[in-house]
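See below for entry-v7.cif, which holds mmCIF, C-alpha atoms.
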```
data_run
loop_
_atom_site.label_atom_id
_atom_site.label_comp_id
_atom_site.auth_asym_id
_atom_site.auth_seq_id
_atom_site.Cartn_x
_atom_site.Cartn_y
_atom_site.Cartn_z
CA MET Z 1 41.75 -131.84 -32.52
CA ALA Z 2 40.55 -130.14 -29.35
CA CYS Z 3 37.90 -131.03 -26.77
CA PRO Z 4 37.82 -128.25 -24.18
CA THR Z 5 34.70 -129.72 -22.52
CA ALA Z 6 32.56 -132.83 -22.79
CA ASN Z 7 30.13 -130.68 -24.81
CA LEU Z 8 32.49 -129.57 -27.57
CA CYS Z 9 35.04 -131.28 -29.77
CA VAL Z 10 36.56 -129.78 -32.92
CA VAL Z 11 38.50 -131.92 -35.39
CA VAL Z 12 40.29 -130.26 -38.32
CA ASP Z 13 41.40 -131.74 -41.63
CA ASP Z 14 43.61 -131.09 -44.66
CA SER Z 15 40.78 -129.54 -46.71
CA GLY Z 16 40.04 -126.64 -44.40
CA ASN Z 17 37.12 -128.29 -42.66
CA GLY Z 18 36.15 -128.49 -39.03
CA LEU Z 19 34.27 -131.56 -37.83
CA ILE Z 20 32.40 -130.21 -34.80
CA SER Z 21 30.21 -131.83 -32.18
CA THR Z 22 28.45 -130.73 -29.00
CA ASP Z 23 27.74 -134.41 -28.26
CA PRO Z 24 30.98 -136.24 -29.11
CA THR Z 25 29.71 -139.64 -27.95
CA GLY Z 26 26.46 -139.30 -29.92
CA GLY Z 27 27.52 -141.16 -33.04
CA ALA Z 28 28.12 -139.99 -36.59
CA SER Z 29 24.98 -137.84 -36.75
CA ALA Z 30 26.20 -135.74 -33.83
CA TRP Z 31 29.12 -134.39 -35.87
CA THR Z 32 28.77 -131.50 -38.36
CA MET Z 33 31.27 -130.67 -41.11
CA THR Z 34 31.96 -126.93 -41.53
CA ASP Z 35 34.26 -125.25 -44.04
CA ILE Z 36 36.26 -122.95 -41.75
CA ASP Z 37 39.44 -122.31 -43.78
CA ALA Z 38 38.71 -122.61 -47.52
CA THR Z 39 40.97 -125.30 -49.05
CA ASN Z 40 43.95 -124.91 -46.73
CA THR Z 41 45.33 -127.72 -44.60
CA ILE Z 42 44.54 -127.00 -40.96
CA ASN Z 43 47.44 -128.54 -39.10
CA ALA Z 44 46.35 -128.02 -35.49
CA ILE Z 45 43.70 -126.42 -33.31
CA SER Z 46 43.50 -125.26 -29.71
CA CYS Z 47 40.34 -124.42 -27.76
CA PRO Z 48 40.98 -123.21 -24.21
CA THR Z 49 37.21 -122.80 -23.71
CA ALA Z 50 34.05 -123.90 -25.48
CA SER Z 51 33.65 -120.35 -26.83
CA PHE Z 52 37.13 -119.79 -28.24
CA CYS Z 53 39.19 -121.79 -30.75
CA VAL Z 54 42.27 -121.04 -32.84
CA GLY Z 55 43.46 -123.24 -35.69
CA VAL Z 56 46.61 -122.84 -37.78
CA ASP Z 57 47.18 -123.80 -41.40
CA ASN Z 58 49.76 -124.44 -44.09
CA ASN Z 59 49.39 -120.95 -45.54
CA GLY Z 60 50.63 -118.94 -42.57
CA SER Z 61 47.20 -118.20 -41.15
CA ALA Z 62 45.37 -118.62 -37.89
CA VAL Z 63 41.63 -119.21 -38.17
CA VAL Z 64 39.88 -117.89 -35.08
CA SER Z 65 36.38 -118.23 -33.67
CA SER Z 66 34.56 -116.98 -30.59
CA ASN Z 67 31.61 -119.20 -31.53
CA PRO Z 68 32.99 -122.52 -32.82
CA THR Z 69 29.55 -124.01 -33.47
CA GLY Z 70 28.32 -120.93 -35.34
CA GLY Z 71 29.06 -122.12 -38.86
CA ALA Z 72 31.61 -120.99 -41.43
CA SER Z 73 30.93 -117.28 -40.92
CA ALA Z 74 31.93 -117.57 -37.26
CA TRP Z 75 35.56 -118.34 -38.22
CA LYS Z 76 37.99 -115.57 -39.22
CA PRO Z 77 41.36 -116.11 -40.95
CA ILE Z 78 44.30 -113.96 -39.81
CA ASP Z 79 47.66 -113.91 -41.61
CA ILE Z 80 50.14 -114.47 -38.78
CA ASP Z 81 53.19 -115.95 -40.52
CA GLY Z 82 53.56 -114.67 -44.07
CA GLY Z 83 52.58 -117.85 -45.86
CA ASP Z 84 54.81 -120.24 -43.88
CA ASP Z 85 53.50 -123.63 -42.80
CA VAL Z 86 52.25 -123.24 -39.20
CA LEU Z 87 52.21 -126.71 -37.68
CA GLY Z 88 51.16 -126.29 -34.05
CA VAL Z 89 49.23 -123.99 -31.74
CA SER Z 90 48.43 -123.88 -28.04
CA CYS Z 91 46.25 -121.33 -26.27
CA PRO Z 92 46.37 -121.81 -22.50
CA THR Z 93 43.93 -118.91 -22.12
CA THR Z 94 41.87 -116.66 -24.37
CA ASN Z 95 44.56 -114.00 -23.87
CA LEU Z 96 47.56 -116.01 -25.06
CA CYS Z 97 48.16 -118.19 -28.10
CA VAL Z 98 51.51 -119.65 -29.11
CA ALA Z 99 52.00 -121.10 -32.59
CA VAL Z 100 55.05 -122.77 -34.17
CA ASP Z 101 56.08 -123.14 -37.80
CA GLN Z 102 58.25 -125.26 -40.08
CA SER Z 103 61.05 -122.69 -40.00
CA GLY Z 104 61.72 -122.94 -36.27
CA ASN Z 105 59.76 -119.84 -35.27
CA VAL Z 106 57.26 -119.24 -32.50
CA ILE Z 107 54.45 -116.79 -33.19
CA THR Z 108 52.69 -115.42 -30.12
CA SER Z 109 49.72 -113.17 -29.47
CA THR Z 110 48.05 -111.78 -26.37
CA THR Z 111 45.15 -110.56 -28.54
CA PRO Z 112 44.55 -113.58 -30.79
CA THR Z 113 41.18 -112.39 -32.09
CA GLY Z 114 42.62 -109.04 -33.15
CA ALA Z 115 44.65 -107.89 -36.12
CA ALA Z 116 47.59 -109.69 -37.69
CA SER Z 117 49.91 -107.09 -36.16
CA GLY Z 118 49.12 -108.56 -32.75
CA TRP Z 119 51.04 -111.73 -33.61
CA VAL Z 120 54.81 -111.52 -33.00
CA THR Z 121 57.38 -113.89 -34.53
CA ALA Z 122 60.59 -115.00 -32.81
CA ALA Z 123 63.17 -117.54 -34.00
CA ALA Z 124 63.37 -120.21 -31.30
CA ASP Z 125 64.86 -123.28 -33.00
CA GLY Z 126 67.43 -122.04 -35.47
CA SER Z 127 69.55 -125.19 -35.10
CA ASN Z 128 66.88 -127.29 -36.80
CA PRO Z 129 66.28 -126.57 -40.50
CA ALA Z 130 63.02 -128.51 -40.51
CA GLY Z 131 61.38 -126.57 -37.71
CA PHE Z 132 58.73 -127.36 -35.14
CA ALA Z 133 56.00 -129.98 -35.17
CA SER Z 134 53.88 -129.03 -32.15
CA VAL Z 135 53.63 -126.90 -29.03
CA SER Z 136 51.85 -127.17 -25.68
CA CYS Z 137 51.43 -124.49 -23.02
CA ALA Z 138 50.46 -125.47 -19.49
CA SER Z 139 49.93 -121.79 -18.72
CA ALA Z 140 51.26 -118.38 -19.69
CA ALA Z 141 54.35 -119.29 -17.67
CA LEU Z 142 55.31 -122.55 -19.44
CA CYS Z 143 55.31 -123.62 -23.07
CA VAL Z 144 57.21 -126.50 -24.67
CA ALA Z 145 57.61 -126.99 -28.42
CA ALA Z 146 58.79 -130.19 -30.12
CA ASP Z 147 60.69 -130.35 -33.39
CA ASP Z 148 61.31 -133.25 -35.74
CA TYR Z 149 64.93 -133.75 -34.70
CA GLY Z 150 64.21 -134.94 -31.17
CA ASN Z 151 64.60 -131.51 -29.59
CA LEU Z 152 62.31 -129.86 -27.08
CA VAL Z 153 62.35 -126.07 -26.75
CA ALA Z 154 60.89 -124.61 -23.57
CA SER Z 155 60.05 -121.17 -22.29
CA THR Z 156 58.78 -119.78 -19.01
CA ASN Z 157 58.13 -116.48 -20.81
CA PRO Z 158 56.73 -117.43 -24.23
CA THR Z 159 56.19 -113.83 -25.36
CA GLY Z 160 59.75 -112.87 -24.38
CA GLY Z 161 61.37 -113.32 -27.79
CA THR Z 162 64.09 -115.64 -29.05
CA LYS Z 163 66.25 -115.61 -25.92
CA ALA Z 164 63.33 -116.72 -23.77
CA TRP Z 165 63.29 -120.15 -25.47
CA ILE Z 166 65.83 -122.81 -24.40
CA LEU Z 167 66.58 -125.84 -26.59
CA ALA Z 168 67.19 -129.29 -25.11
CA ALA Z 169 68.43 -132.11 -27.35
CA VAL Z 170 66.38 -134.79 -25.65
CA ASP Z 171 66.17 -137.57 -28.22
CA ALA Z 172 68.21 -136.57 -31.25
CA PRO Z 173 70.16 -139.57 -32.63
CA PRO Z 174 73.42 -138.80 -34.47
CA GLY Z 175 72.85 -138.26 -38.16
CA GLY Z 176 69.10 -138.85 -38.07
CA SER Z 177 65.66 -137.69 -37.11
CA ASN Z 178 63.63 -138.97 -34.20
CA ASP Z 179 60.56 -136.81 -34.75
CA ALA Z 180 59.50 -135.56 -31.33
CA GLY Z 181 56.26 -134.70 -33.02
CA SER Z 182 53.73 -134.41 -30.22
CA VAL Z 183 53.99 -132.69 -26.86
CA THR Z 184 51.51 -132.15 -24.04
CA CYS Z 185 51.89 -130.18 -20.82
CA PRO Z 186 48.92 -130.61 -18.46
CA ALA Z 187 50.71 -128.75 -15.66
CA ALA Z 188 53.83 -126.71 -15.06
CA ASN Z 189 55.51 -129.73 -13.49
CA LEU Z 190 54.64 -132.30 -16.17
CA CYS Z 191 55.21 -132.44 -19.89
CA LEU Z 192 55.30 -135.49 -22.16
CA ALA Z 193 56.45 -135.78 -25.74
CA VAL Z 194 56.53 -138.71 -28.12
CA ALA Z 195 59.15 -139.53 -30.71
CA SER Z 196 57.54 -141.01 -33.81
CA GLY Z 197 60.85 -142.10 -35.31
CA SER Z 198 62.27 -145.60 -35.23
CA ALA Z 199 62.96 -145.57 -31.49
CA GLY Z 200 59.33 -144.96 -30.51
CA ASN Z 201 60.27 -143.41 -27.19
CA LEU Z 202 57.94 -141.59 -24.84
CA LEU Z 203 59.76 -138.67 -23.27
CA LEU Z 204 58.85 -137.65 -19.74
CA SER Z 205 59.46 -134.85 -17.28
CA SER Z 206 57.63 -134.76 -14.01
CA THR Z 207 59.06 -131.73 -12.29
CA ASN Z 208 61.04 -129.42 -14.52
CA PRO Z 209 60.14 -129.32 -18.25
CA SER Z 210 62.34 -126.25 -18.80
CA GLY Z 211 65.35 -127.80 -17.05
CA GLY Z 212 67.23 -128.97 -20.13
CA ALA Z 213 67.89 -132.41 -21.56
CA SER Z 214 68.83 -133.97 -18.22
CA ALA Z 215 65.34 -133.22 -16.86
CA TRP Z 216 63.77 -135.58 -19.40
CA THR Z 217 63.70 -139.38 -19.20
CA LYS Z 218 62.76 -141.98 -21.81
CA THR Z 219 60.31 -144.82 -21.48
CA THR Z 220 60.10 -147.48 -24.18
CA GLY Z 221 57.81 -150.44 -24.71
CA ILE Z 222 54.50 -148.57 -24.62
CA LEU Z 223 52.04 -150.19 -27.06
CA GLY Z 224 54.58 -152.93 -27.66
CA GLY Z 225 57.34 -150.56 -28.68
CA VAL Z 226 55.54 -149.37 -31.81
CA PRO Z 227 56.52 -145.78 -32.69
CA LEU Z 228 53.99 -143.50 -31.04
CA GLU Z 229 51.97 -140.96 -32.98
CA ALA Z 230 50.63 -138.60 -30.31
CA VAL Z 231 50.08 -138.10 -26.60
CA PHE Z 232 47.62 -135.99 -24.64
CA CYS Z 233 47.23 -135.47 -20.90
CA ALA Z 234 43.96 -134.21 -19.50
CA SER Z 235 45.72 -133.92 -16.14
CA ALA Z 236 48.79 -135.21 -14.36
CA SER Z 237 46.84 -138.38 -13.56
CA LEU Z 238 45.33 -139.12 -16.99
CA CYS Z 239 47.44 -139.38 -20.13
CA VAL Z 240 46.59 -141.15 -23.38
CA ALA Z 241 49.03 -142.15 -26.13
CA GLU Z 242 48.30 -143.70 -29.50
CA ASP Z 243 50.11 -145.17 -32.47
CA PRO Z 244 49.46 -144.93 -36.25
CA ALA Z 245 47.16 -147.97 -36.15
CA THR Z 246 44.93 -146.22 -33.57
CA ASP Z 247 45.98 -148.46 -30.73
CA VAL Z 248 45.52 -146.49 -27.53
CA ALA Z 249 47.26 -146.72 -24.16
CA SER Z 250 46.43 -144.76 -21.02
CA SER Z 251 48.14 -144.14 -17.72
CA SER Z 252 47.35 -142.58 -14.37
CA ASP Z 253 51.09 -142.56 -13.63
CA PRO Z 254 52.63 -141.18 -16.83
CA THR Z 255 56.11 -140.76 -15.37
CA GLY Z 256 56.22 -144.43 -14.41
CA ALA Z 257 57.73 -147.33 -16.35
CA SER Z 258 56.05 -148.88 -19.39
CA ALA Z 259 54.07 -151.15 -17.05
CA ALA Z 260 52.21 -148.05 -15.86
CA TRP Z 261 50.59 -147.83 -19.29
CA THR Z 262 47.63 -150.03 -20.20
CA THR Z 263 46.55 -150.78 -23.76
CA ASP Z 264 42.88 -149.87 -23.82
CA ILE Z 265 41.63 -150.35 -27.37
CA ALA Z 266 42.84 -151.57 -30.71
CA VAL Z 267 40.66 -150.21 -33.49
CA GLY Z 268 41.98 -152.95 -35.73
CA THR Z 269 42.14 -151.45 -39.20
CA PRO Z 270 45.24 -149.26 -39.66
CA ASN Z 271 43.88 -145.74 -39.85
CA HIS Z 272 46.72 -143.25 -39.81
CA LEU Z 273 45.74 -140.66 -37.26
CA SER Z 274 45.03 -137.28 -38.78
CA GLY Z 275 43.66 -135.62 -35.66
CA GLY Z 276 45.42 -137.27 -32.74
CA VAL Z 277 43.81 -137.48 -29.35
CA SER Z 278 42.14 -135.07 -26.91
CA CYS Z 279 40.48 -135.54 -23.53
CA ALA Z 280 37.95 -133.26 -21.84
CA GLY Z 281 38.86 -134.25 -18.32
CA ALA Z 282 38.51 -137.78 -16.98
CA SER Z 283 35.05 -138.34 -18.50
CA LEU Z 284 35.79 -138.10 -22.23
CA CYS Z 285 38.65 -138.94 -24.57
CA VAL Z 286 38.42 -138.82 -28.36
CA VAL Z 287 40.80 -140.41 -30.86
CA VAL Z 288 40.60 -139.50 -34.55
CA GLY Z 289 41.67 -141.61 -37.51
CA GLU Z 290 41.35 -140.99 -41.24
CA ASP Z 291 37.79 -142.33 -41.30
CA ASP Z 292 36.75 -142.75 -37.68
CA VAL Z 293 36.14 -140.86 -34.46
CA VAL Z 294 36.53 -143.15 -31.45
CA THR Z 295 35.23 -141.92 -28.08
CA SER Z 296 35.50 -143.19 -24.53
CA SER Z 297 33.61 -141.99 -21.46
CA SER Z 298 35.91 -143.94 -19.16
CA PRO Z 299 39.43 -143.52 -20.53
#
```
Mind turning this structure into structure tokens?
Amino acid sequence: MACPTANLCVVVDDSGNGLISTDPTGGASAWTMTDIDATNTINAISCPTASFCVGVDNNGSAVVSSNPTGGASAWKPIDIDGGDDVLGVSCPTTNLCVAVDQSGNVITSTTPTGAASGWVTAAADGSNPAGFASVSCASAALCVAADDYGNLVASTNPTGGTKAWILAAVDAPPGGSNDAGSVTCPAANLCLAVASGSAGNLLLSSTNPSGGASAWTKTTGILGGVPLEAVFCASASLCVAEDPATDVASSSDPTGASAAWTTDIAVGTPNHLSGGVSCAGASLCVVVGEDDVVTSSSP
């Protein structure tokens, strides 16, 4: 999901729909379902502004809109990855989008609303046969992608091709997966990633996300040590993490110890999160489960 402002949130699902609201705290009637990508599974969406969104799907396409509230006709599919499963996308500006797929590739474009030829593929995680799970770009000068083997792959030049991406084995246990499945970079000097494997670690870097494995530290015990599902930082002083049961913790000091994180809500009924969490600044955070949208105006 993506909430670029307090007046727009877009949630995507596995049937090609966008659940869109210009009043996210307005209750169920404030959300409109729009078919934006036929019957494909939309894995992720990024909206750097309220007038520009890019989603990616399981059929190698990006679905792009310069008018996200304009209905189905306002969304255009673009084949960017030859049918591969594209699992993450981050657009720090309207002039740069970075997507990642299940084969360990990054697909970048400086003209994301243009033709398919404007999207360029580079292999960035060849050591991992299962590929990437997500990507976050603080700006055009820093992107970090997470794979499902506990690796983080960073670049200070995301359009620079394969050699511009550096892999760091941050939380990869011997012989197993630790699913560093969600990453967020609110600034060039802060990125967080969660491992949704058995360890349930929250991975932190406060100053140098592209500095290799030694630049990352682990914090455990957030939300009682339950494996975390996703994390999102609206800024360096507001981060929100949640688990598969839609328990939510927030922190104004995300590089601190587990005590720096406060459990804010427990939805109660286990609702495996299909959309994750997004915050439009300090005044709105939205958490999405299979059947619920939970909002907070004071996260």
Quick check on the file I pasted: which residues fall under the PyMOL selection byres ((chain Z and resi 29-45) around 6)? Write them as a PDB file with C-alpha atoms, in the coordinates of the input.
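And here's expr_31.pdb as it stands now:
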```
ATOM      1  CA  MET Z   1      41.750-131.840 -32.520  1.00  0.00           C
ATOM      2  CA  VAL Z  12      40.290-130.260 -38.320  1.00  0.00           C
ATOM      3  CA  ASP Z  13      41.400-131.740 -41.630  1.00  0.00           C
ATOM      4  CA  ASP Z  14      43.610-131.090 -44.660  1.00  0.00           C
ATOM      5  CA  SER Z  15      40.780-129.540 -46.710  1.00  0.00           C
ATOM      6  CA  GLY Z  16      40.040-126.640 -44.400  1.00  0.00           C
ATOM      7  CA  ASN Z  17      37.120-128.290 -42.660  1.00  0.00           C
ATOM      8  CA  GLY Z  18      36.150-128.490 -39.030  1.00  0.00           C
ATOM      9  CA  LEU Z  19      34.270-131.560 -37.830  1.00  0.00           C
ATOM     10  CA  ILE Z  20      32.400-130.210 -34.800  1.00  0.00           C
ATOM     11  CA  SER Z  21      30.210-131.830 -32.180  1.00  0.00           C
ATOM     12  CA  ASP Z  23      27.740-134.410 -28.260  1.00  0.00           C
ATOM     13  CA  GLY Z  26      26.460-139.300 -29.920  1.00  0.00           C
ATOM     14  CA  GLY Z  27      27.520-141.160 -33.040  1.00  0.00           C
ATOM     15  CA  ALA Z  28      28.120-139.990 -36.590  1.00  0.00           C
ATOM     16  CA  SER Z  46      43.500-125.260 -29.710  1.00  0.00           C
ATOM     17  CA  VAL Z  54      42.270-121.040 -32.840  1.00  0.00           C
ATOM     18  CA  GLY Z  55      43.460-123.240 -35.690  1.00  0.00           C
ATOM     19  CA  VAL Z  56      46.610-122.840 -37.780  1.00  0.00           C
ATOM     20  CA  ASP Z  57      47.180-123.800 -41.400  1.00  0.00           C
ATOM     21  CA  ASN Z  58      49.760-124.440 -44.090  1.00  0.00           C
ATOM     22  CA  ALA Z  72      31.610-120.990 -41.430  1.00  0.00           C
ATOM     23  CA  TRP Z  75      35.560-118.340 -38.220  1.00  0.00           C
ATOM     24  CA  LEU Z  87      52.210-126.710 -37.680  1.00  0.00           C
ATOM     25  CA  GLY Z  88      51.160-126.290 -34.050  1.00  0.00           C
TER      26      GLY Z  88
END
```
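Using the PyMOL selection byres ((chain Z and resi 49) around 10) on this structure selects Ala2, Cys3, Pro4, Thr5, Leu8, Ser46, Cys47, Pro48, Ala50, Ser51, Phe52, Cys53, Ser66, Cys91, Pro92, Thr93 and Thr94 of chain Z.
A straight line drawn from CA of Val248 (chain Z) to CA of Cys143 (chain Z) is 25.3 Å long.
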Problem set entry | Contact residues around region 115-123 of chain Z with all atoms listed in the file at 9 Å, ignoring same-chain residues under 3 positions, as a VMD selection string | chain Z and resid 78 to 81 97 103 to 112 126 159 to 163 165
For this session: Identify all residues satisfying the PyMOL selection byres ((chain Z and resi 85) around 6) in the given file; provide them as a ChimeraX atom specification.
Result: /Z:58-60,84,86,101-102
For the residues in that selection, give me C-alpha atoms as a PDB file, in the frame of the given file.
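Listing of again.pdb after writing:
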```
ATOM      1  CA  ASN Z  58      49.760-124.440 -44.090  1.00  0.00           C
ATOM      2  CA  ASN Z  59      49.390-120.950 -45.540  1.00  0.00           C
ATOM      3  CA  GLY Z  60      50.630-118.940 -42.570  1.00  0.00           C
ATOM      4  CA  ASP Z  84      54.810-120.240 -43.880  1.00  0.00           C
ATOM      5  CA  VAL Z  86      52.250-123.240 -39.200  1.00  0.00           C
ATOM      6  CA  ASP Z 101      56.080-123.140 -37.800  1.00  0.00           C
ATOM      7  CA  GLN Z 102      58.250-125.260 -40.080  1.00  0.00           C
TER       8      GLN Z 102
END
```
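With distances restricted to all atoms listed in the file, Z:Leu192 is the closest residue to Cys233 (chain Z) from Z:Leu152, Z:Leu204, Z:Val288, Z:Leu192.
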Exercise. Counting all atoms listed in the file, which of Z:Pro254, Z:Pro77, Z:Gly224, Z:Gly70 gets nearest to Thr184 (chain Z)?
Worked result: Z:Pro254
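As for CA of Ser237 (chain Z) and CA of Ala164 (chain Z), they are spaced 29.1 Å apart.
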For this session: For each of Z:Ala188, Z:Val194, Z:Ala259, Z:Ala140, take the minimum atom-to-atom distance to Leu96 (chain Z), counting only C-alpha atoms, then give the residue where this is smallest.
Result: Z:Ala140
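Here the question is which of Z:Ala133, Z:Val287, Z:Ala141, Z:Val226 gets nearest to Ala187 (chain Z) using all atoms listed in the file, and that residue is Z:Ala141.
Among the candidates Z:Asn189, Z:Val135, Z:Val64, Z:Ser296, the one nearest to Asp264 (chain Z) when counting all atoms listed in the file is Z:Ser296.
With only C-alpha atoms as the atoms that count, the residue of Z:Val286, Z:Leu202, Z:Ala215, Z:Val183 with the shortest distance to Gly256 (chain Z) is Z:Leu202.
Our summary of the geometry notes that CA of Leu142 (chain Z) is positioned 16.1 Å from CA of Ala213 (chain Z).
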